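Just start-v2.cif here, mmCIF, C-alpha atoms and all ligand atoms:
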```cif
data_start
loop_
_atom_site.group_PDB
_atom_site.id
_atom_site.type_symbol
_atom_site.label_atom_id
_atom_site.label_comp_id
_atom_site.auth_asym_id
_atom_site.auth_seq_id
_atom_site.Cartn_x
_atom_site.Cartn_y
_atom_site.Cartn_z
ATOM 1 C CA MET A 1 -90.805 -97.238 222.855
ATOM 2 C CA PHE A 2 -89.347 -94.803 225.427
ATOM 3 C CA GLU A 3 -85.957 -96.411 224.856
ATOM 4 C CA THR A 4 -83.986 -93.229 225.477
ATOM 5 C CA LEU A 5 -85.481 -93.072 228.977
ATOM 6 C CA VAL A 6 -84.039 -95.029 231.886
ATOM 7 C CA GLY A 7 -85.959 -97.202 234.378
ATOM 8 C CA GLN A 8 -89.658 -96.634 235.253
ATOM 9 C CA THR A 9 -90.650 -99.982 233.748
ATOM 10 C CA GLU A 10 -94.218 -99.763 234.951
ATOM 11 C CA VAL A 11 -94.672 -96.259 233.564
ATOM 12 C CA LYS A 12 -93.243 -97.406 230.224
ATOM 13 C CA ASN A 13 -95.519 -100.442 230.118
ATOM 14 C CA ARG A 14 -98.651 -98.530 230.933
ATOM 15 C CA LEU A 15 -98.039 -95.518 228.700
ATOM 16 C CA GLY A 16 -96.865 -97.909 225.991
ATOM 17 C CA PHE A 17 -100.134 -99.799 226.303
ATOM 18 C CA TYR A 18 -102.210 -96.617 225.939
ATOM 19 C CA ALA A 19 -100.136 -95.424 223.011
ATOM 20 C CA LYS A 20 -100.822 -98.731 221.237
ATOM 21 C CA ALA A 21 -104.497 -98.592 222.170
ATOM 22 C CA HIS A 22 -104.671 -95.098 220.729
ATOM 23 C CA LYS A 23 -103.061 -96.205 217.475
ATOM 24 C CA ALA A 24 -105.555 -99.050 217.281
ATOM 25 C CA GLY A 25 -108.360 -96.524 217.436
ATOM 26 C CA SER A 26 -109.386 -96.696 221.096
ATOM 27 C CA ILE A 27 -110.331 -93.663 223.109
ATOM 28 C CA ILE A 28 -107.783 -93.448 225.892
ATOM 29 C CA PRO A 29 -108.679 -92.229 229.374
ATOM 30 C CA PRO A 30 -107.239 -89.101 230.948
ATOM 31 C CA ILE A 31 -103.972 -90.147 232.573
ATOM 32 C CA MET A 32 -102.591 -88.758 235.814
ATOM 33 C CA LEU A 33 -98.812 -88.901 236.155
ATOM 34 C CA ASN A 34 -98.063 -89.005 239.858
ATOM 35 C CA GLY A 35 -94.661 -88.585 241.463
ATOM 36 C CA ALA A 36 -92.169 -86.337 243.202
ATOM 37 C CA LYS A 37 -90.435 -83.556 241.301
ATOM 38 C CA GLY A 38 -87.685 -84.531 238.893
ATOM 39 C CA LEU A 39 -88.811 -88.134 238.354
ATOM 40 C CA GLY A 40 -89.613 -87.583 234.700
ATOM 41 C CA LYS A 41 -93.319 -86.779 234.471
ATOM 42 C CA THR A 42 -92.831 -84.039 231.876
ATOM 43 C CA GLU A 43 -90.228 -86.052 230.007
ATOM 44 C CA PHE A 44 -92.517 -89.087 229.747
ATOM 45 C CA ALA A 45 -95.406 -86.862 228.656
ATOM 46 C CA LYS A 46 -93.197 -85.571 225.827
ATOM 47 C CA ALA A 47 -92.150 -89.094 224.852
ATOM 48 C CA PHE A 48 -95.789 -90.222 224.914
ATOM 49 C CA ALA A 49 -96.820 -87.357 222.626
ATOM 50 C CA LYS A 50 -94.003 -88.206 220.255
ATOM 51 C CA GLU A 51 -95.021 -91.854 220.223
ATOM 52 C CA ILE A 52 -98.595 -90.943 219.347
ATOM 53 C CA GLY A 53 -97.427 -88.336 216.872
ATOM 54 C CA LYS A 54 -99.223 -85.356 218.350
ATOM 55 C CA LYS A 55 -98.010 -82.026 219.537
ATOM 56 C CA LEU A 56 -97.830 -81.513 223.314
ATOM 57 C CA LEU A 57 -99.310 -78.450 224.963
ATOM 58 C CA GLU A 58 -98.018 -77.993 228.516
ATOM 59 C CA ILE A 59 -100.099 -75.907 230.857
ATOM 60 C CA ASN A 60 -98.995 -75.081 234.369
ATOM 61 C CA CYS A 61 -102.230 -75.140 236.349
ATOM 62 C CA GLY A 62 -100.873 -72.544 238.751
ATOM 63 C CA THR A 63 -101.256 -70.003 235.945
ATOM 64 C CA ILE A 64 -104.972 -70.701 235.375
ATOM 65 C CA ARG A 65 -107.119 -68.206 237.281
ATOM 66 C CA ASN A 66 -110.559 -69.674 236.745
ATOM 67 C CA ALA A 67 -112.647 -71.733 234.317
ATOM 68 C CA GLN A 68 -113.768 -68.756 232.263
ATOM 69 C CA GLN A 69 -110.218 -67.530 231.706
ATOM 70 C CA PHE A 70 -109.116 -71.050 230.776
ATOM 71 C CA PHE A 71 -111.830 -71.516 228.148
ATOM 72 C CA GLU A 72 -111.510 -68.017 226.696
ATOM 73 C CA GLN A 73 -107.752 -67.768 226.593
ATOM 74 C CA VAL A 74 -106.568 -71.341 226.257
ATOM 75 C CA PHE A 75 -109.199 -73.893 225.301
ATOM 76 C CA MET A 76 -111.059 -72.029 222.535
ATOM 77 C CA PRO A 77 -108.030 -70.482 220.807
ATOM 78 C CA ALA A 78 -105.509 -73.295 221.202
ATOM 79 C CA ILE A 79 -107.180 -76.634 221.943
ATOM 80 C CA ALA A 80 -110.700 -76.846 220.501
ATOM 81 C CA GLY A 81 -110.746 -78.718 217.194
ATOM 82 C CA ASN A 82 -107.008 -79.396 217.188
ATOM 83 C CA GLU A 83 -105.102 -82.662 217.356
ATOM 84 C CA MET A 84 -102.952 -82.509 220.453
ATOM 85 C CA ILE A 85 -101.968 -83.830 223.815
ATOM 86 C CA VAL A 86 -102.641 -81.454 226.654
ATOM 87 C CA LEU A 87 -100.600 -81.766 229.834
ATOM 88 C CA PHE A 88 -102.071 -80.099 232.901
ATOM 89 C CA ASP A 89 -98.960 -79.827 235.056
ATOM 90 C CA GLU A 90 -99.172 -79.257 238.838
ATOM 91 C CA CYS A 91 -102.846 -80.149 238.503
ATOM 92 C CA HIS A 92 -103.406 -80.010 242.263
ATOM 93 C CA ALA A 93 -103.436 -76.240 241.625
ATOM 94 C CA LEU A 94 -106.414 -76.344 239.227
ATOM 95 C CA PRO A 95 -108.982 -73.710 240.206
ATOM 96 C CA LYS A 96 -112.091 -75.179 241.835
ATOM 97 C CA ASP A 97 -114.572 -74.083 239.186
ATOM 98 C CA LEU A 98 -112.443 -75.672 236.461
ATOM 99 C CA VAL A 99 -112.316 -78.905 238.438
ATOM 100 C CA GLU A 100 -116.142 -78.812 238.393
ATOM 101 C CA VAL A 101 -116.158 -78.519 234.606
ATOM 102 C CA PHE A 102 -113.601 -81.308 234.280
ATOM 103 C CA LEU A 103 -115.788 -83.569 236.413
ATOM 104 C CA THR A 104 -118.429 -83.280 233.695
ATOM 105 C CA ALA A 105 -116.027 -83.330 230.753
ATOM 106 C CA PHE A 106 -114.198 -86.453 231.844
ATOM 107 C CA ASN A 107 -117.303 -88.291 232.952
ATOM 108 C CA SER A 108 -117.447 -89.629 229.425
ATOM 109 C CA GLU A 109 -116.915 -93.381 229.796
ATOM 110 C CA GLY A 110 -115.173 -93.940 226.523
ATOM 111 C CA ALA A 111 -117.373 -91.540 224.511
ATOM 112 C CA LYS A 112 -115.695 -89.892 221.526
ATOM 113 C CA SER A 113 -116.531 -86.410 222.672
ATOM 114 C CA LYS A 114 -118.211 -84.456 225.423
ATOM 115 C CA GLN A 115 -119.835 -81.064 225.469
ATOM 116 C CA VAL A 116 -119.766 -78.914 228.558
ATOM 117 C CA SER A 117 -121.525 -75.617 229.051
ATOM 118 C CA ILE A 118 -119.418 -72.593 229.817
ATOM 119 C CA GLY A 119 -121.165 -69.332 230.623
ATOM 120 C CA ASP A 120 -123.634 -68.770 227.772
ATOM 121 C CA GLY A 121 -121.898 -71.135 225.384
ATOM 122 C CA PHE A 122 -120.353 -74.550 225.352
ATOM 123 C CA ALA A 123 -117.038 -76.234 224.690
ATOM 124 C CA THR A 124 -116.403 -79.589 223.057
ATOM 125 C CA PHE A 125 -113.781 -81.991 224.304
ATOM 126 C CA ASP A 126 -112.976 -84.199 221.322
ATOM 127 C CA PHE A 127 -111.316 -87.296 222.745
ATOM 128 C CA GLU A 128 -110.334 -88.568 219.310
ATOM 129 C CA LYS A 129 -108.323 -85.455 218.593
ATOM 130 C CA GLN A 130 -107.234 -84.492 222.080
ATOM 131 C CA ASN A 131 -105.707 -86.580 224.811
ATOM 132 C CA PHE A 132 -105.433 -85.231 228.300
ATOM 133 C CA LEU A 133 -102.562 -85.878 230.651
ATOM 134 C CA PHE A 134 -102.305 -84.533 234.164
ATOM 135 C CA ALA A 135 -99.228 -84.413 236.378
ATOM 136 C CA THR A 136 -98.918 -83.824 240.090
ATOM 137 C CA THR A 137 -96.533 -84.114 242.993
ATOM 138 C CA GLU A 138 -99.468 -83.946 245.416
ATOM 139 C CA LEU A 139 -101.959 -86.655 244.564
ATOM 140 C CA HIS A 140 -103.560 -86.375 248.004
ATOM 141 C CA LYS A 141 -104.666 -82.824 247.160
ATOM 142 C CA ILE A 142 -106.653 -83.887 244.097
ATOM 143 C CA PHE A 143 -110.421 -83.878 244.564
ATOM 144 C CA ASP A 144 -111.369 -87.567 244.799
ATOM 145 C CA PRO A 145 -114.127 -87.555 242.152
ATOM 146 C CA LEU A 146 -111.644 -86.053 239.666
ATOM 147 C CA LYS A 147 -109.011 -88.621 240.563
ATOM 148 C CA ASP A 148 -111.624 -91.362 240.079
ATOM 149 C CA ARG A 149 -112.073 -90.290 236.468
ATOM 150 C CA MET A 150 -108.371 -90.705 235.723
ATOM 151 C CA THR A 151 -105.965 -93.526 235.286
ATOM 152 C CA VAL A 152 -103.187 -92.908 237.784
ATOM 153 C CA VAL A 153 -99.651 -93.861 236.745
ATOM 154 C CA ASP A 154 -97.138 -93.787 239.608
ATOM 155 C CA PHE A 155 -93.469 -92.877 239.180
ATOM 156 C CA GLU A 156 -90.795 -94.488 241.361
ATOM 157 C CA THR A 157 -87.579 -93.063 242.730
ATOM 158 C CA TYR A 158 -84.567 -94.255 240.729
ATOM 159 C CA ASN A 159 -82.092 -96.719 242.177
ATOM 160 C CA SER A 160 -78.381 -96.011 241.908
ATOM 161 C CA VAL A 161 -77.936 -98.233 238.841
ATOM 162 C CA ASP A 162 -80.575 -96.207 236.975
ATOM 163 C CA LEU A 163 -79.068 -92.941 238.210
ATOM 164 C CA SER A 164 -75.647 -94.050 236.956
ATOM 165 C CA SER A 165 -77.037 -94.712 233.529
ATOM 166 C CA ILE A 166 -78.946 -91.415 233.428
ATOM 167 C CA ILE A 167 -75.674 -89.623 234.206
ATOM 168 C CA GLN A 168 -73.661 -91.675 231.729
ATOM 169 C CA LYS A 169 -76.210 -91.187 228.934
ATOM 170 C CA LYS A 170 -76.204 -87.436 229.441
ATOM 171 C CA ILE A 171 -72.396 -87.278 229.144
ATOM 172 C CA ASP A 172 -71.618 -90.310 226.995
ATOM 173 C CA PHE A 173 -68.362 -88.765 225.737
ATOM 174 C CA ILE A 174 -66.925 -88.796 229.271
ATOM 175 C CA GLU A 175 -65.447 -91.968 230.795
ATOM 176 C CA PHE A 176 -65.212 -92.865 234.460
ATOM 177 C CA ASP A 177 -62.487 -94.979 236.085
ATOM 178 C CA ASN A 178 -63.619 -98.258 237.670
ATOM 179 C CA ASP A 179 -66.939 -97.956 239.464
ATOM 180 C CA LEU A 180 -66.622 -94.218 240.025
ATOM 181 C CA ILE A 181 -69.886 -93.538 238.235
ATOM 182 C CA HIS A 182 -71.707 -95.453 241.000
ATOM 183 C CA GLN A 183 -70.063 -93.296 243.641
ATOM 184 C CA VAL A 184 -71.219 -90.267 241.710
ATOM 185 C CA ALA A 185 -74.744 -91.699 241.496
ATOM 186 C CA LYS A 186 -74.819 -92.184 245.262
ATOM 187 C CA THR A 187 -74.570 -88.436 245.757
ATOM 188 C CA VAL A 188 -77.692 -87.910 243.665
ATOM 189 C CA ARG A 189 -81.042 -87.857 245.390
ATOM 190 C CA GLY A 190 -83.171 -90.518 243.760
ATOM 191 C CA ASN A 191 -84.442 -88.291 241.000
ATOM 192 C CA ALA A 192 -83.519 -87.885 237.368
ATOM 193 C CA ARG A 193 -83.280 -84.113 237.524
ATOM 194 C CA SER A 194 -80.486 -84.160 240.100
ATOM 195 C CA ALA A 195 -78.700 -86.861 238.075
ATOM 196 C CA ILE A 196 -78.824 -84.597 235.016
ATOM 197 C CA LYS A 197 -77.558 -81.668 237.082
ATOM 198 C CA ARG A 198 -74.674 -83.737 238.402
ATOM 199 C CA ALA A 199 -73.822 -84.828 234.855
ATOM 200 C CA LEU A 200 -73.697 -81.210 233.722
ATOM 201 C CA GLU A 201 -71.421 -80.289 236.633
ATOM 202 C CA ILE A 202 -69.032 -83.058 235.625
ATOM 203 C CA LYS A 203 -69.192 -81.914 232.020
ATOM 204 C CA ALA A 204 -68.274 -78.377 233.075
ATOM 205 C CA PHE A 205 -65.368 -79.735 235.130
ATOM 206 C CA CYS A 206 -64.112 -81.705 232.125
ATOM 207 C CA GLU A 207 -64.349 -78.622 229.932
ATOM 208 C CA ILE A 208 -62.381 -76.539 232.410
ATOM 209 C CA LYS A 209 -59.705 -79.236 232.722
ATOM 210 C CA ASN A 210 -59.879 -80.177 229.088
ATOM 211 C CA LYS A 211 -60.107 -83.882 229.872
ATOM 212 C CA TYR A 212 -62.594 -86.616 229.093
ATOM 213 C CA ARG A 213 -61.854 -89.227 231.711
ATOM 214 C CA ILE A 214 -62.659 -88.890 235.398
ATOM 215 C CA ASN A 215 -60.489 -90.611 237.999
ATOM 216 C CA ALA A 216 -60.828 -90.781 241.781
ATOM 217 C CA ARG A 217 -58.757 -87.644 242.296
ATOM 218 C CA ASP A 218 -60.927 -85.665 239.879
ATOM 219 C CA TRP A 219 -64.062 -86.804 241.668
ATOM 220 C CA LEU A 220 -62.596 -85.738 245.006
ATOM 221 C CA GLU A 221 -61.807 -82.348 243.508
ATOM 222 C CA ILE A 222 -65.318 -81.995 242.055
ATOM 223 C CA LYS A 223 -66.846 -82.863 245.426
ATOM 224 C CA THR A 224 -64.677 -80.290 247.187
ATOM 225 C CA LEU A 225 -65.253 -77.571 244.597
ATOM 226 C CA LEU A 226 -69.011 -78.021 244.585
ATOM 227 C CA GLY A 227 -69.537 -78.938 248.251
ATOM 228 C CA ILE A 228 -71.025 -82.320 247.359
ATOM 229 C CA LYS A 229 -71.575 -84.357 250.515
ATOM 230 C CA PRO A 230 -72.070 -88.096 250.959
ATOM 231 C CA TYR A 231 -75.548 -89.167 249.844
ATOM 232 C CA GLY A 232 -75.963 -85.665 248.426
ATOM 233 C CA LEU A 233 -76.876 -84.319 251.877
ATOM 234 C CA THR A 234 -77.534 -80.582 252.061
ATOM 235 C CA ASN A 235 -76.037 -78.272 254.657
ATOM 236 C CA LEU A 236 -79.397 -78.069 256.417
ATOM 237 C CA GLU A 237 -79.648 -81.838 256.648
ATOM 238 C CA VAL A 238 -76.155 -82.104 258.070
ATOM 239 C CA GLN A 239 -77.031 -79.362 260.549
ATOM 240 C CA ILE A 240 -80.171 -81.220 261.625
ATOM 241 C CA LEU A 241 -78.204 -84.428 262.150
ATOM 242 C CA GLY A 242 -75.700 -82.466 264.214
ATOM 243 C CA VAL A 243 -78.462 -81.023 266.414
ATOM 244 C CA LEU A 244 -80.008 -84.458 266.906
ATOM 245 C CA LYS A 245 -76.638 -85.868 267.873
ATOM 246 C CA SER A 246 -75.781 -83.190 270.420
ATOM 247 C CA ASN A 247 -79.287 -82.450 271.801
ATOM 248 C CA GLY A 248 -80.755 -85.932 271.644
ATOM 249 C CA PRO A 249 -84.344 -86.579 270.470
ATOM 250 C CA SER A 250 -85.914 -83.267 269.442
ATOM 251 C CA SER A 251 -89.278 -81.890 268.423
ATOM 252 C CA LEU A 252 -89.885 -80.317 265.016
ATOM 253 C CA GLN A 253 -90.295 -76.986 266.787
ATOM 254 C CA MET A 254 -86.872 -77.391 268.380
ATOM 255 C CA LEU A 255 -85.249 -78.176 265.019
ATOM 256 C CA SER A 256 -86.927 -75.159 263.504
ATOM 257 C CA ALA A 257 -85.712 -72.911 266.337
ATOM 258 C CA VAL A 258 -82.126 -74.144 266.167
ATOM 259 C CA THR A 259 -81.776 -74.077 262.379
ATOM 260 C CA GLY A 260 -83.814 -70.938 261.809
ATOM 261 C CA MET A 261 -85.781 -72.716 259.081
ATOM 262 C CA SER A 262 -89.568 -72.908 258.983
ATOM 263 C CA ARG A 263 -91.218 -76.107 260.138
ATOM 264 C CA SER A 264 -92.564 -76.806 256.678
ATOM 265 C CA ALA A 265 -89.167 -76.256 255.037
ATOM 266 C CA ILE A 266 -87.723 -78.824 257.408
ATOM 267 C CA GLN A 267 -90.590 -81.246 257.037
ATOM 268 C CA LEU A 268 -91.055 -81.151 253.306
ATOM 269 C CA ASP A 269 -87.497 -81.343 252.173
ATOM 270 C CA ALA A 270 -84.830 -82.123 254.729
ATOM 271 C CA GLU A 271 -86.788 -84.470 256.918
ATOM 272 C CA ASN A 272 -88.188 -86.504 254.060
ATOM 273 C CA ASN A 273 -84.737 -87.106 252.711
ATOM 274 C CA LEU A 274 -83.264 -87.984 256.100
ATOM 275 C CA LEU A 275 -86.110 -90.404 256.784
ATOM 276 C CA ARG A 276 -85.901 -91.985 253.336
ATOM 277 C CA SER A 277 -82.162 -92.506 253.684
ATOM 278 C CA GLY A 278 -82.607 -93.947 257.175
ATOM 279 C CA PHE A 279 -80.485 -91.294 258.913
ATOM 280 C CA MET A 280 -83.291 -90.180 261.179
ATOM 281 C CA GLU A 281 -86.446 -91.709 262.630
ATOM 282 C CA ILE A 282 -89.565 -90.217 264.142
ATOM 283 C CA ASP A 283 -90.952 -91.786 267.268
ATOM 284 C CA VAL A 284 -92.955 -88.820 268.529
ATOM 285 C CA LYS A 285 -89.627 -86.957 268.565
ATOM 286 C CA ARG A 286 -86.931 -86.849 265.877
ATOM 287 C CA LYS A 287 -84.016 -89.186 266.557
ATOM 288 C CA ILE A 288 -80.736 -89.779 264.778
ATOM 289 C CA THR A 289 -80.125 -93.418 263.769
ATOM 290 C CA ASN A 290 -76.830 -95.316 263.907
ATOM 291 C CA LYS A 291 -76.573 -94.852 260.161
ATOM 292 C CA GLY A 292 -76.979 -91.106 260.722
ATOM 293 C CA LEU A 293 -74.250 -91.115 263.351
ATOM 294 C CA SER A 294 -71.818 -92.879 261.047
ATOM 295 C CA ILE A 295 -72.507 -90.355 258.286
ATOM 296 C CA LEU A 296 -71.677 -87.522 260.670
ATOM 297 C CA LYS A 297 -68.410 -89.253 261.483
ATOM 298 C CA GLU A 298 -67.629 -89.571 257.784
ATOM 299 C CA LEU A 299 -68.180 -85.832 257.431
ATOM 300 C CA SER A 300 -66.008 -84.675 260.303
HETATM 301 N N1 LIG B 401 -86.240 -91.898 232.898
HETATM 302 C C1 LIG B 401 -85.386 -90.912 232.571
HETATM 303 N N2 LIG B 401 -84.230 -91.200 231.928
HETATM 304 C C2 LIG B 401 -83.378 -90.198 231.623
HETATM 305 N N3 LIG B 401 -83.565 -88.895 231.902
HETATM 306 C C3 LIG B 401 -84.704 -88.561 232.542
HETATM 307 C C4 LIG B 401 -85.663 -89.556 232.891
HETATM 308 N N4 LIG B 401 -86.682 -88.944 233.528
HETATM 309 C C5 LIG B 401 -86.384 -87.639 233.565
HETATM 310 N N5 LIG B 401 -85.202 -87.392 232.967
HETATM 311 C C6 LIG B 401 -84.565 -86.068 232.875
HETATM 312 O O1 LIG B 401 -84.620 -85.512 234.194
HETATM 313 C C7 LIG B 401 -85.015 -84.156 234.171
HETATM 314 C C8 LIG B 401 -86.261 -83.939 234.982
HETATM 315 O O2 LIG B 401 -87.359 -84.593 234.374
HETATM 316 P P1 LIG B 401 -88.811 -83.955 234.315
HETATM 317 O O3 LIG B 401 -89.605 -84.727 233.336
HETATM 318 O O4 LIG B 401 -88.726 -82.491 234.099
HETATM 319 O O5 LIG B 401 -89.338 -84.246 235.815
HETATM 320 P P2 LIG B 401 -90.746 -83.874 236.462
HETATM 321 O O6 LIG B 401 -91.642 -83.331 235.382
HETATM 322 O O7 LIG B 401 -91.262 -85.171 237.048
HETATM 323 O O8 LIG B 401 -90.449 -82.880 237.540
HETATM 324 C C9 LIG B 401 -85.134 -83.797 232.694
HETATM 325 O O9 LIG B 401 -83.919 -83.219 232.294
HETATM 326 C C10 LIG B 401 -85.334 -85.122 232.002
HETATM 327 O O10 LIG B 401 -84.834 -85.096 230.714
HETATM 328 MG MG MG B 402 -92.467 -81.435 235.212
#
```
Mind turning the file's structure into structure tokens?
Amino acid sequence: MFETLVGQTEVKNRLGFYAKAHKAGSIIPPIMLNGAKGLGKTEFAKAFAKEIGKKLLEINCGTIRNAQQFFEQVFMPAIAGNEMIVLFDECHALPKDLVEVFLTAFNSEGAKSKQVSIGDGFATFDFEKQNFLFATTELHKIFDPLKDRMTVVDFETYNSVDLSSIIQKKIDFIEFDNDLIHQVAKTVRGNARSAIKRALEIKAFCEIKNKYRINARDWLEIKTLLGIKPYGLTNLEVQILGVLKSNGPSSLQMLSAVTGMSRSAIQLDAENNLLRSGFMEIDVKRKITNKGLSILKELS
């Protein structure tokens, strides 16, 4: 089960368990896939649907305006009465009134179905025919009572061994000298999507050069051509490290002023990565670490 997918042992175990339970006739609970972008939530939802043998309907919750629109345009025409798995993606963006309905619908405690009233009518959630998956990058934004009704499955960031094998599987007709694949993996940022992107860049390089083996010189050329930095750092992150080195400990406001990026852009993306990689620390102010200093040296 899930053998084409790399890593995420816990996710595989838990989804595997529910797939077996479903085949054995159990009603399975709504499952919330929780994890940062690119970790494989959609991919695992697809694999789960395949395992169970049902079609997957993906709905981006950002496109749902309100409960009425959802039931009229999606639930009644496409879901009611059908065998399928429904994935509510980005479910932290579910409209409030639909969350209210879901609180009733999923308060079913293993029942085979649940009716909820919608406007003048009602809708039936048939838990034998339909299974509901939810996915989010922002678990903290989910209304607690809704979260309580779900089984939360957490995704992990991938280590560099897993990233290497994701890359190698995507381009299995390309060989790498020595341990070059691990150097490639180190420039990928912990998620499967960037590993796949890197693999496709290498594939394009091989097509241009008409070769199917990558050596150290090729990798150097790829890095130069594509501006790939150590640890996959972005220009903004390098700039932030540079500011912290020359200005000393800085506030978020200072970083935002110097880089011209909004505070949230810095906080959500750059800072998280710098903190995770141990290049920066926050002790009231932002400070570059020794590891951060040595990376800057490597870059100059
Ligand atoms: N465990 C995995 N092994 C191999 N490839 C993966 C794995 N997880 C995700 N991918 C690939 O990475 C990319 C991003 O995955 P996706 O499911 O879209 O992430 P998410 O929905 O969490 O943002 C897809 O191309 C997918 O095929
Ligand atoms: Mg997704």
Env. residues ligand LIG 401 (chain B) / 6 Å / all atoms listed in the file / as a PyMOL selection string:
chain A and resi 5-7+37-43+166+192-193+196
Could you list, as an mmCIF file with C-alpha atoms, in the coordinates of the input, every residue within 10 Å of range 296-299 of chain A, counting only C-alpha atoms and ignoring same-chain residues fewer than 4 positions away?
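File produced: result-v2.cif:
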```
data_model
loop_
_atom_site.group_PDB
_atom_site.id
_atom_site.type_symbol
_atom_site.label_atom_id
_atom_site.label_comp_id
_atom_site.auth_asym_id
_atom_site.auth_seq_id
_atom_site.Cartn_x
_atom_site.Cartn_y
_atom_site.Cartn_z
ATOM 1 C CA LYS A 229 -71.575 -84.357 250.515
ATOM 2 C CA PRO A 230 -72.070 -88.096 250.959
ATOM 3 C CA VAL A 238 -76.155 -82.104 258.070
ATOM 4 C CA GLN A 239 -77.031 -79.362 260.549
ATOM 5 C CA LEU A 241 -78.204 -84.428 262.150
ATOM 6 C CA GLY A 242 -75.700 -82.466 264.214
ATOM 7 C CA LYS A 245 -76.638 -85.868 267.873
ATOM 8 C CA PHE A 279 -80.485 -91.294 258.913
ATOM 9 C CA ASN A 290 -76.830 -95.316 263.907
ATOM 10 C CA LYS A 291 -76.573 -94.852 260.161
ATOM 11 C CA GLY A 292 -76.979 -91.106 260.722
#
```
Near-ligand residues for ligand MG 402 (chain B), threshold 12 Å, all atoms listed in the file, as JSON, numbers by chain
{"A": [33, 34, 35, 36, 37, 38, 39, 40, 41, 42, 43, 44, 45, 46, 58, 59, 60, 61, 87, 88, 89, 90, 91, 133, 134, 135, 136, 137, 192, 193]}
May I have the residues within 10 Å of Gly119 in chain A as a PyMOL selection string, using only C-alpha atoms and disregarding those fewer than 5 positions away in the same chain?
chain A and resi 67-68+71
To one decimal place in Å, what is the distance between CA of Ile167 in chain A and CA of Cys206 in chain A?
14.2 Å
List the residues matched by the PyMOL selection byres (((chain A and resi 151) around 10) and not hetatm) in the displayed structure as a count of residues only, ordered by chain and then by residue number.
16
